[in-house]
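**Q** Right, I'll just put the structure down here and ask away after.
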Amino acid sequence: MSPGAGQAPGWRVALTARSLYLPGIDPDAAVPGVTPGRAGPACPPDLAHELLGRKGLLGKDPATRLALCAVHQALGLPPGRRPPPGPPDPAVAVVASSNLGNLDTVVGVVRSVRAGQRKEISPLLAPRASSNVIASAVAIWFGCGGPNLMLCAGAPSGAEAVLTGALLLRAGRAARVIVVGAEPADEVAAGWHARRSPRAAPLREGSACVILEPAQQAAGTGGAVLIGPALAADTAVEHADLPAGWGDLYGAHGVAQTAVAATLAGRRAGPVRVVCGDPADGWRRLDVWPASGAS
């Protein structure tokens, strides 16, 4: 039997940090407090060095830069400062979500091969052509030595990433999970997205990050909220809908929704629902609870 609206789910994990990184948009203007510690619109990927520093960005594609920026913000790092050097932490996992992140690179390589221009393909494009490039780049940059997963599951992919992060914690495979979603909006990605769903909102360049830890961490973190399985579909709960003007974040959409839900949950006693997907790709749901109201 599904729990009622006032009952917490049987399993849950803590969401202890979050961020939205949307170039040209100030998320806090629409959802105050959604990105703690930052004010104003984010910089575009080609100016990511203003937040991340210049070292190490050569050859990074726009989606990877956006993902790094979102994680940098969620970790509360100052502009230009990278994590201290040291061996990768095997207790920290990364789950990334993106459907179009390196599509421009792959299409460019294929076109060059077809045109007989193999020798003109830059060696710097090799890592960018990997489907796991965002997850691996985040892990290397921030010293994460735990499980490293990349999800490309269509419209529900962002929510799938959050639930996969929760599963890693519940299974004891990690003590902390960085969940990040990122999408570019270059000509190739935007064109494919428009053909995929002509009636959908335009593709939005941006990224989002949530950091998950074991549920007991919520007790000692003032702003923490709890993620659990969705209650019955007919349960009356608030929904974390993104503002229409933000466009479609596609593979990052569910992660962004979860960050918004965490902000809303901190202001109420009941859960906030994330519903992510579309009729073509299916749907995924999860509920976000205020830590104080989910005991």
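In the structure tokens, each chain is lettered A, B, ... as it comes, each chain's residues begin at 1, and ligands are numbered from 1 in order of appearance.
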Select from region 23-84 of chain A every residue with an atom at most 12 Å from any atom of region 127-132 of chain A, then for each give the shortest pair of atoms and their distance in Å to one decimal, using only C-alpha atoms, rows by chain and rising number, as a Markdown table.
**A**
```
| residue | atom | partner | partner_atom | distance |
| --- | --- | --- | --- | --- |
| A:Leu58 | CA | A:Arg128 | CA | 11.3 |
| A:Gly59 | CA | A:Arg128 | CA | 7.8 |
| A:Lys60 | CA | A:Arg128 | CA | 7.2 |
| A:Asp61 | CA | A:Arg128 | CA | 6.8 |
| A:Pro62 | CA | A:Arg128 | CA | 10.3 |
| A:Ala63 | CA | A:Arg128 | CA | 10.2 |
| A:Thr64 | CA | A:Arg128 | CA | 8.9 |
| A:Arg65 | CA | A:Arg128 | CA | 11.6 |
```
**Q** Which residues, written as a VMD selection string, have at least one atom at most 10 Å from Ile178 (chain A), with only C-alpha atoms counted and residues fewer than 2 positions away on the same chain left out?
**A** chain A and resid 17 to 18 71 74 to 75 92 to 96 135 138 to 139 142 144 148 161 to 162 165 176 180 209 to 213
**Q** Got a sec to tell me which of region 20-209 of chain A DSSP assigns to strand (DSSP E or B), as a list in words?
**A**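 DSSP-assigned strand (DSSP E or B) residues in region 20-209 of chain A: Leu20, Tyr21, Pro23, Ala42, Asp89, Val92, Ala93, Val94, Val95, Ala96, Ser97, Cys144, Asn148, Leu149, Met150, Leu151, Arg176, Val177, Ile178, Val179, Val180, Gly181, Ala182, Glu183, Leu203, Gly206, Ser207, Ala208 and Cys209 of chain A.
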**Q** Of the residues A:Trp141, A:Tyr21, A:Trp246, A:Trp283, which is the one nearest to Ala182 (chain A), using only C-alpha atoms?
**A**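 Closest to Ala182 (chain A), using only C-alpha atoms: A:Tyr21.
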**Q** Return as a VMD selection string the full set of residues in region 86-272 of chain A whose backbone-based DSSP assignment is helix (DSSP H, G or I).
**A** chain A and resid 103 to 114 118 to 120 125 to 128 133 to 142 157 to 170 187 to 196 215 to 220 244 to 246 250 to 265
